[in-house]
Each structure stands twice: as structure tokens, then as C-alpha cells.
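Enquirer: The structure is given below, and queries will be raised subsequently.
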Amino acid sequence: MRVQLPAKVTVGVGVAATAAVVGSGVALAAPHATSAALSSSTATAKTVTIKNFAFSPRTVTIRHGASIRWINRDTTTHTTTSNTHLWSKTLIPGKSFTFTFGRRGSYHYHCSIHPMMTGIVRVT
Ligand SMILES: [Cu+2]
């Protein structure tokens with residue numbers, strides 16, 4: 001899909017705005033190259049284990065475009081819930097949930113059943 005977009009832009013703008021096409025072509029080339037490089041870092045997805053009413057590790061750092069997988073190894077149901085409600089998932093014992101972080105930042109989250117359980121995902 002990302003490959004098609006620059007092609008459409010080039011065709012749509014046509015001959016009248018050749019300079020603009022070249023300009024946007026260059027601008028689009030950089031993000032495209034970045035996303036291609038990131039697809040390999042997706043393999044470095046990290047796991048946060050929920051155990052003994054805690055997220056472990058409590059703070060985890062990944063590259064943007066990579067994923068966090070939470071798995072509930074407790075005998076109690078927990079949730080992983082973004083403080084800004086970017087994601088929220090209830091996990092019964094043994095279940096897991098994966099979320100991909102496209103943008104850099106610090107994402108604070110908690111368990112909505114046990115609000116003292118908190119964690120942070122740092123996306124670089
Ligand atoms: Cu909990």
C-alpha cells in the first residue's frame with residue numbers, strides 16, 4: 001500500500017507541476033526507506049509478563065514500529081490499559097495481547113482492575 005501512494009501522487013499531479021512532483025517524491029522516499037528498515041526491528045518485539053500483580057519489566061524500551069506482547073502468568077484476570085486509552089485489553093490467566101507502537105514517546109499504562117499495577121513503554 002505504501003508503495004502505491006507515491007506512484008498515485010506522481011501520476012495525479014502530472015506535467016504542470018514537475019518541480020513539486022520531484023519535491024514530494026524526495027519527501028516520500030525518506031519515510032518509505034525508514035519503514036522498510038523498521039520491518040526488521042519488528043522482530044525485536046518484547047514481552048511483558050504479568051506476574052504477582054506486577055508488570056515485568058515495569059519499564060520496557062522498543063523501537064517505533066515494534067510491538068509489546070503482554071502475557072498474563074498470574075492466576076487472576078488483569079488488564080493492560082493505556083492511561084490515555086490508546087489500548088485496553090482484559091487478559092484472563094494464560095492469555096496474551098500484542099500492541100504495535102508506531103510513534104515515539106512514553107506510554108504509561110495500568111491494570112484497570114488493580115490500579116496500583118503500572119508500567120511504561122518507551123518507544124524510541
Ligand atoms: Cu490486575
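Ordering of the C-alpha cells sets the chain letters (A, B, ...); residue numbers start at 1 within each chain; ligands are numbered from 1 in the order shown.
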Hey, what's within 8 Å of segment 117-123 of chain A if we count only C-alpha atoms and toss same-chain stuff fewer than 5 positions away? As a count of residues only, please?
Expert: 20
Enquirer: Grab me every residue within 12 Å of ligand 1, counting only C-alpha atoms and all ligand atoms, and send it over as JSON, numbers by chain.
Expert: {"A": [49, 50, 51, 52, 53, 54, 55, 71, 72, 73, 74, 75, 76, 77, 78, 79, 80, 81, 89, 90, 91, 92, 93, 109, 110, 111, 112, 113, 114, 115, 116, 117, 118, 119]}
